[in-house]
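Asks: Below you'll find the structure I mean.
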Amino acid sequence: MNRLYYLIAALVVFLLEVWIALYVHDDFIRPWGGDVLVVVLLYCLVSGVTRLNVLSAALAVLVFACFIETLQYLQIVRILGLEGNAFARTIIGTTFSWSDIVAYTLGIVLVVGVEVVMNKRQAV
């Protein structure tokens, strides 16, 4: 797929993430949907600016997301003295959750599934 399409998809997913953050205040879409979509967003960005294959890009994004979650477990925002910085708290996060890792994994499975279907359609 053309890298420009990935960048457009990243923009669309980013706007959807912002909309969810601002207007959705439930117990499912915001916590689960947002975490699933964040890895989709990162995957689209990585695929838009690199030539990594699907599995390499997907694995890199999943490892990065789990790394950030590990930093949350270690309370990196507190260690760096950024508790008062809303931007840092939002981007890095402050609370470790196994359910976030499950959501990231589901997001990557979704991405790889869509890529497999799209690649099969292009091959036909």
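Labels used: A, B, ... for chains in the order of the structure tokens, numbers from 1 for residues in each chain, and numbers from 1 for ligands as shown.
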Would you mind listing what lies within 8 Å of stretch 63-78 of chain A as a PyMOL selection string, with only C-alpha atoms counted and same-chain residues fewer than 5 positions away left out?

Replies: chain A and resi 39+83+88-89+92-97+100-101+104

Asks: Since we have the selection now, will you write its residues out, keeping N, CA, C and O atoms, as a PDB file, in the first residue's frame?

Replies:
ATOM      1  N   VAL A  39      -2.410   1.902  19.059  1.00  0.00           N
ATOM      2  CA  VAL A  39      -1.418   1.097  18.342  1.00  0.00           C
ATOM      3  C   VAL A  39      -1.703   1.091  16.837  1.00  0.00           C
ATOM      4  O   VAL A  39      -0.779   0.996  16.041  1.00  0.00           O
ATOM      5  N   GLU A  83       4.784  15.080  37.376  1.00  0.00           N
ATOM      6  CA  GLU A  83       3.397  14.896  37.838  1.00  0.00           C
ATOM      7  C   GLU A  83       2.530  16.097  37.521  1.00  0.00           C
ATOM      8  O   GLU A  83       1.338  15.976  37.269  1.00  0.00           O
ATOM      9  N   ALA A  88       2.683  15.428  29.671  1.00  0.00           N
ATOM     10  CA  ALA A  88       3.476  14.230  29.965  1.00  0.00           C
ATOM     11  C   ALA A  88       2.595  13.129  30.549  1.00  0.00           C
ATOM     12  O   ALA A  88       2.725  11.966  30.173  1.00  0.00           O
ATOM     13  N   ARG A  89       1.707  13.503  31.457  1.00  0.00           N
ATOM     14  CA  ARG A  89       0.808  12.507  32.054  1.00  0.00           C
ATOM     15  C   ARG A  89      -0.093  11.885  31.002  1.00  0.00           C
ATOM     16  O   ARG A  89      -0.386  10.692  31.056  1.00  0.00           O
ATOM     17  N   ILE A  92       2.526   9.852  28.243  1.00  0.00           N
ATOM     18  CA  ILE A  92       3.204   8.697  28.841  1.00  0.00           C
ATOM     19  C   ILE A  92       2.229   7.830  29.630  1.00  0.00           C
ATOM     20  O   ILE A  92       2.307   6.614  29.612  1.00  0.00           O
ATOM     21  N   GLY A  93       1.290   8.483  30.295  1.00  0.00           N
ATOM     22  CA  GLY A  93       0.360   7.761  31.148  1.00  0.00           C
ATOM     23  C   GLY A  93       0.934   7.607  32.543  1.00  0.00           C
ATOM     24  O   GLY A  93       2.140   7.776  32.751  1.00  0.00           O
ATOM     25  N   THR A  94       0.089   7.287  33.473  1.00  0.00           N
ATOM     26  CA  THR A  94       0.536   7.204  34.864  1.00  0.00           C
ATOM     27  C   THR A  94       0.163   5.898  35.554  1.00  0.00           C
ATOM     28  O   THR A  94       0.657   5.626  36.640  1.00  0.00           O
ATOM     29  N   THR A  95      -0.689   5.092  34.942  1.00  0.00           N
ATOM     30  CA  THR A  95      -1.181   3.904  35.622  1.00  0.00           C
ATOM     31  C   THR A  95      -0.972   2.661  34.761  1.00  0.00           C
ATOM     32  O   THR A  95      -1.479   2.573  33.649  1.00  0.00           O
ATOM     33  N   PHE A  96      -0.229   1.707  35.275  1.00  0.00           N
ATOM     34  CA  PHE A  96      -0.028   0.437  34.592  1.00  0.00           C
ATOM     35  C   PHE A  96      -1.310  -0.380  34.630  1.00  0.00           C
ATOM     36  O   PHE A  96      -2.010  -0.405  35.639  1.00  0.00           O
ATOM     37  N   SER A  97      -1.599  -1.070  33.530  1.00  0.00           N
ATOM     38  CA  SER A  97      -2.765  -1.938  33.493  1.00  0.00           C
ATOM     39  C   SER A  97      -2.529  -3.091  32.513  1.00  0.00           C
ATOM     40  O   SER A  97      -2.152  -2.864  31.359  1.00  0.00           O
ATOM     41  N   ASP A 100      -4.533  -2.796  29.384  1.00  0.00           N
ATOM     42  CA  ASP A 100      -3.968  -1.974  28.308  1.00  0.00           C
ATOM     43  C   ASP A 100      -3.113  -2.828  27.380  1.00  0.00           C
ATOM     44  O   ASP A 100      -3.180  -2.694  26.158  1.00  0.00           O
ATOM     45  N   ILE A 101      -2.320  -3.714  27.959  1.00  0.00           N
ATOM     46  CA  ILE A 101      -1.479  -4.592  27.140  1.00  0.00           C
ATOM     47  C   ILE A 101      -2.341  -5.515  26.288  1.00  0.00           C
ATOM     48  O   ILE A 101      -2.049  -5.761  25.118  1.00  0.00           O
ATOM     49  N   TYR A 104      -3.627  -3.348  23.454  1.00  0.00           N
ATOM     50  CA  TYR A 104      -2.572  -3.117  22.453  1.00  0.00           C
ATOM     51  C   TYR A 104      -2.396  -4.346  21.569  1.00  0.00           C
ATOM     52  O   TYR A 104      -2.261  -4.237  20.353  1.00  0.00           O
TER      53      TYR A 104
END

Asks: What are the DSSP helix (DSSP H, G or I) residues of chain A, as number ranges by chain?

Replies: A: 3-23, 29-49, 54-73, 76-79, 86-92, 98-123

Asks: Atom CA of A:Tyr6 to atom CA of A:Arg51: how many Å, to one decimal?

Replies: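 Result for atom CA of A:Tyr6 versus atom CA of A:Arg51: 11.5 Å, one decimal.
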
Asks: What separation in Å, quoted to one decimal, exists between atom CA of A:Trp32 and atom CA of A:Tyr5?

Replies: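 A separation of 25.0 Å between them.
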
Asks: Would you kindly return, as a list of chain:residue names, each protein, DNA or RNA residue with an atom no farther than 9 Å from any atom of A:Gly34, considering only C-alpha atoms and excluding same-chain residues fewer than 5 positions away?

Replies: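 In the requested format, the answer is A:Leu16, A:Glu17, A:Ile20, A:Ala21, A:Ile29, A:Ala103.
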
Asks: Go ahead and write the residues just picked, C-alpha atoms, as a compact mmCIF listing (two decimals), in the first residue's frame.

Replies:
# COMPACT_ATOMS: atom_id res chain seq x y z
CA LEU A 16 -10.87 9.77 16.13
CA GLU A 17 -8.66 9.42 19.24
CA ILE A 20 -12.96 9.89 21.92
CA ALA A 21 -10.82 11.72 24.49
CA ILE A 29 -14.98 2.76 24.16
CA ALA A 103 -5.91 -3.87 24.17

Asks: So that I can check the surroundings of A:Gly48, please list as a list in words every protein, DNA and RNA residue that reaches within 9 Å of it, counting only C-alpha atoms and ignoring chain neighbours fewer than 4 positions away.

Replies: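 Contacts, in chain order: Asn2, Arg3, Leu4, Tyr5, Tyr6, Leu7, Ile8, Ala10, Tyr43 and Cys44 of chain A.
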
Asks: Taking all heavy atoms for each residue, export the selection above as an mmCIF file, in the first residue's frame.

Replies:
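Output (part-v9.cif):
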data_model
loop_
_atom_site.group_PDB
_atom_site.id
_atom_site.type_symbol
_atom_site.label_atom_id
_atom_site.label_comp_id
_atom_site.auth_asym_id
_atom_site.auth_seq_id
_atom_site.Cartn_x
_atom_site.Cartn_y
_atom_site.Cartn_z
ATOM 1 N N ASN A 2 0.459 2.267 -0.647
ATOM 2 C CA ASN A 2 1.187 3.528 -0.718
ATOM 3 C C ASN A 2 1.353 4.124 0.680
ATOM 4 O O ASN A 2 0.414 4.155 1.471
ATOM 5 C CB ASN A 2 0.398 4.477 -1.626
ATOM 6 C CG ASN A 2 1.109 5.771 -1.869
ATOM 7 O OD1 ASN A 2 1.821 6.293 -1.014
ATOM 8 N ND2 ASN A 2 0.913 6.310 -3.049
ATOM 9 N N ARG A 3 2.555 4.618 0.968
ATOM 10 C CA ARG A 3 2.815 5.168 2.304
ATOM 11 C C ARG A 3 1.933 6.374 2.612
ATOM 12 O O ARG A 3 1.611 6.626 3.772
ATOM 13 C CB ARG A 3 4.289 5.505 2.455
ATOM 14 C CG ARG A 3 5.124 4.233 2.568
ATOM 15 C CD ARG A 3 6.514 4.483 3.009
ATOM 16 N NE ARG A 3 7.294 5.049 1.909
ATOM 17 C CZ ARG A 3 8.443 5.661 2.076
ATOM 18 N NH1 ARG A 3 8.949 5.826 3.270
ATOM 19 N NH2 ARG A 3 9.107 6.120 1.048
ATOM 20 N N LEU A 4 1.531 7.110 1.599
ATOM 21 C CA LEU A 4 0.645 8.257 1.821
ATOM 22 C C LEU A 4 -0.682 7.804 2.424
ATOM 23 O O LEU A 4 -1.239 8.480 3.294
ATOM 24 C CB LEU A 4 0.413 9.022 0.520
ATOM 25 C CG LEU A 4 -0.523 10.230 0.615
ATOM 26 C CD1 LEU A 4 0.030 11.267 1.592
ATOM 27 C CD2 LEU A 4 -0.738 10.834 -0.761
ATOM 28 N N TYR A 5 -1.184 6.660 2.006
ATOM 29 C CA TYR A 5 -2.434 6.137 2.575
ATOM 30 C C TYR A 5 -2.290 5.870 4.074
ATOM 31 O O TYR A 5 -3.215 6.106 4.846
ATOM 32 C CB TYR A 5 -2.885 4.860 1.860
ATOM 33 C CG TYR A 5 -3.307 5.080 0.431
ATOM 34 C CD1 TYR A 5 -2.761 4.324 -0.601
ATOM 35 C CD2 TYR A 5 -4.252 6.050 0.103
ATOM 36 C CE1 TYR A 5 -3.144 4.525 -1.918
ATOM 37 C CE2 TYR A 5 -4.647 6.255 -1.206
ATOM 38 C CZ TYR A 5 -4.081 5.499 -2.214
ATOM 39 O OH TYR A 5 -4.479 5.713 -3.498
ATOM 40 N N TYR A 6 -1.126 5.354 4.470
ATOM 41 C CA TYR A 6 -0.899 5.111 5.892
ATOM 42 C C TYR A 6 -0.895 6.420 6.674
ATOM 43 O O TYR A 6 -1.431 6.495 7.775
ATOM 44 C CB TYR A 6 0.427 4.378 6.114
ATOM 45 C CG TYR A 6 0.383 2.922 5.735
ATOM 46 C CD1 TYR A 6 1.062 2.454 4.621
ATOM 47 C CD2 TYR A 6 -0.319 2.006 6.512
ATOM 48 C CE1 TYR A 6 1.044 1.115 4.284
ATOM 49 C CE2 TYR A 6 -0.354 0.669 6.178
ATOM 50 C CZ TYR A 6 0.329 0.227 5.061
ATOM 51 O OH TYR A 6 0.292 -1.102 4.736
ATOM 52 N N LEU A 7 -0.291 7.449 6.091
ATOM 53 C CA LEU A 7 -0.254 8.738 6.781
ATOM 54 C C LEU A 7 -1.648 9.355 6.884
ATOM 55 O O LEU A 7 -1.995 9.933 7.915
ATOM 56 C CB LEU A 7 0.717 9.682 6.078
ATOM 57 C CG LEU A 7 2.179 9.260 6.160
ATOM 58 C CD1 LEU A 7 3.056 10.187 5.328
ATOM 59 C CD2 LEU A 7 2.663 9.215 7.603
ATOM 60 N N ILE A 8 -2.447 9.211 5.838
ATOM 61 C CA ILE A 8 -3.835 9.693 5.891
ATOM 62 C C ILE A 8 -4.618 8.904 6.932
ATOM 63 O O ILE A 8 -5.373 9.475 7.730
ATOM 64 C CB ILE A 8 -4.493 9.608 4.500
ATOM 65 C CG1 ILE A 8 -3.826 10.619 3.553
ATOM 66 C CG2 ILE A 8 -5.999 9.839 4.583
ATOM 67 C CD1 ILE A 8 -4.191 10.442 2.088
ATOM 68 N N ALA A 10 -3.379 7.473 9.545
ATOM 69 C CA ALA A 10 -2.894 7.912 10.849
ATOM 70 C C ALA A 10 -3.595 9.197 11.274
ATOM 71 O O ALA A 10 -4.001 9.334 12.432
ATOM 72 C CB ALA A 10 -1.379 8.115 10.820
ATOM 73 N N TYR A 43 1.052 2.250 14.264
ATOM 74 C CA TYR A 43 1.369 1.378 13.130
ATOM 75 C C TYR A 43 1.273 2.155 11.818
ATOM 76 O O TYR A 43 2.151 2.051 10.957
ATOM 77 C CB TYR A 43 0.443 0.156 13.098
ATOM 78 C CG TYR A 43 0.660 -0.677 11.871
ATOM 79 C CD1 TYR A 43 1.691 -1.616 11.826
ATOM 80 C CD2 TYR A 43 -0.126 -0.511 10.744
ATOM 81 C CE1 TYR A 43 1.922 -2.362 10.691
ATOM 82 C CE2 TYR A 43 0.098 -1.261 9.596
ATOM 83 C CZ TYR A 43 1.124 -2.183 9.573
ATOM 84 O OH TYR A 43 1.354 -2.916 8.430
ATOM 85 N N CYS A 44 0.206 2.932 11.667
ATOM 86 C CA CYS A 44 0.035 3.711 10.440
ATOM 87 C C CYS A 44 1.161 4.734 10.280
ATOM 88 O O CYS A 44 1.666 4.934 9.172
ATOM 89 C CB CYS A 44 -1.325 4.406 10.426
ATOM 90 S SG CYS A 44 -2.709 3.272 10.198
#

Asks: Enter the distance from atom CA of A:Val13 to atom CA of A:Val112, in Å, rounded to one decimal.

Replies: 16.2 Å

Asks: Contacts of stretch 106-110 of chain A at 7 Å or less, counting only C-alpha atoms, minus same-chain residues fewer than 3 places along, as a ChimeraX atom specification?

Replies: /A:36-37,39-40,58,62,102-103,113-114

Asks: Since we have the selection now, will you write its residues out, keeping N, CA, C and O atoms, as a JSON list (two decimals), in the first residue's frame?

Replies:
[["chain", "number", "residue", "atom", "x", "y", "z"],
["A", 36, "VAL", "N", -6.82, 0.33, 21.84],
["A", 36, "VAL", "CA", -6.72, -0.43, 20.59],
["A", 36, "VAL", "C", -6.29, 0.51, 19.46],
["A", 36, "VAL", "O", -5.39, 0.22, 18.68],
["A", 37, "LEU", "N", -6.93, 1.68, 19.40],
["A", 37, "LEU", "CA", -6.65, 2.61, 18.32],
["A", 37, "LEU", "C", -5.27, 3.26, 18.40],
["A", 37, "LEU", "O", -4.69, 3.62, 17.38],
["A", 39, "VAL", "N", -2.41, 1.90, 19.06],
["A", 39, "VAL", "CA", -1.42, 1.10, 18.34],
["A", 39, "VAL", "C", -1.70, 1.09, 16.84],
["A", 39, "VAL", "O", -0.78, 1.00, 16.04],
["A", 40, "VAL", "N", -2.97, 1.22, 16.46],
["A", 40, "VAL", "CA", -3.30, 1.36, 15.03],
["A", 40, "VAL", "C", -2.70, 2.66, 14.51],
["A", 40, "VAL", "O", -2.09, 2.69, 13.44],
["A", 58, "ALA", "N", 4.44, -4.06, 12.93],
["A", 58, "ALA", "CA", 3.47, -4.42, 13.97],
["A", 58, "ALA", "C", 4.19, -4.81, 15.26],
["A", 58, "ALA", "O", 3.80, -4.38, 16.35],
["A", 62, "LEU", "N", 4.04, -2.88, 18.91],
["A", 62, "LEU", "CA", 3.60, -3.60, 20.11],
["A", 62, "LEU", "C", 4.67, -3.54, 21.20],
["A", 62, "LEU", "O", 4.36, -3.29, 22.37],
["A", 102, "VAL", "N", -3.44, -5.99, 26.85],
["A", 102, "VAL", "CA", -4.38, -6.82, 26.08],
["A", 102, "VAL", "C", -4.96, -5.99, 24.93],
["A", 102, "VAL", "O", -5.02, -6.46, 23.79],
["A", 103, "ALA", "N", -5.35, -4.74, 25.21],
["A", 103, "ALA", "CA", -5.91, -3.87, 24.17],
["A", 103, "ALA", "C", -4.88, -3.60, 23.07],
["A", 103, "ALA", "O", -5.20, -3.60, 21.88],
["A", 113, "GLY", "N", -4.44, -8.44, 10.70],
["A", 113, "GLY", "CA", -5.57, -9.05, 9.99],
["A", 113, "GLY", "C", -6.02, -8.21, 8.81],
["A", 113, "GLY", "O", -6.25, -8.74, 7.71],
["A", 114, "VAL", "N", -6.14, -6.92, 9.00],
["A", 114, "VAL", "CA", -6.54, -6.03, 7.90],
["A", 114, "VAL", "C", -5.49, -6.04, 6.80],
["A", 114, "VAL", "O", -5.82, -6.10, 5.61]]

Asks: From the list A:Val24, A:Arg30, A:Val38, A:Gly81, which residue is nearest A:Val12 when using only C-alpha atoms?

Replies: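 That would be A:Val38, the residue with the smallest distance to A:Val12.
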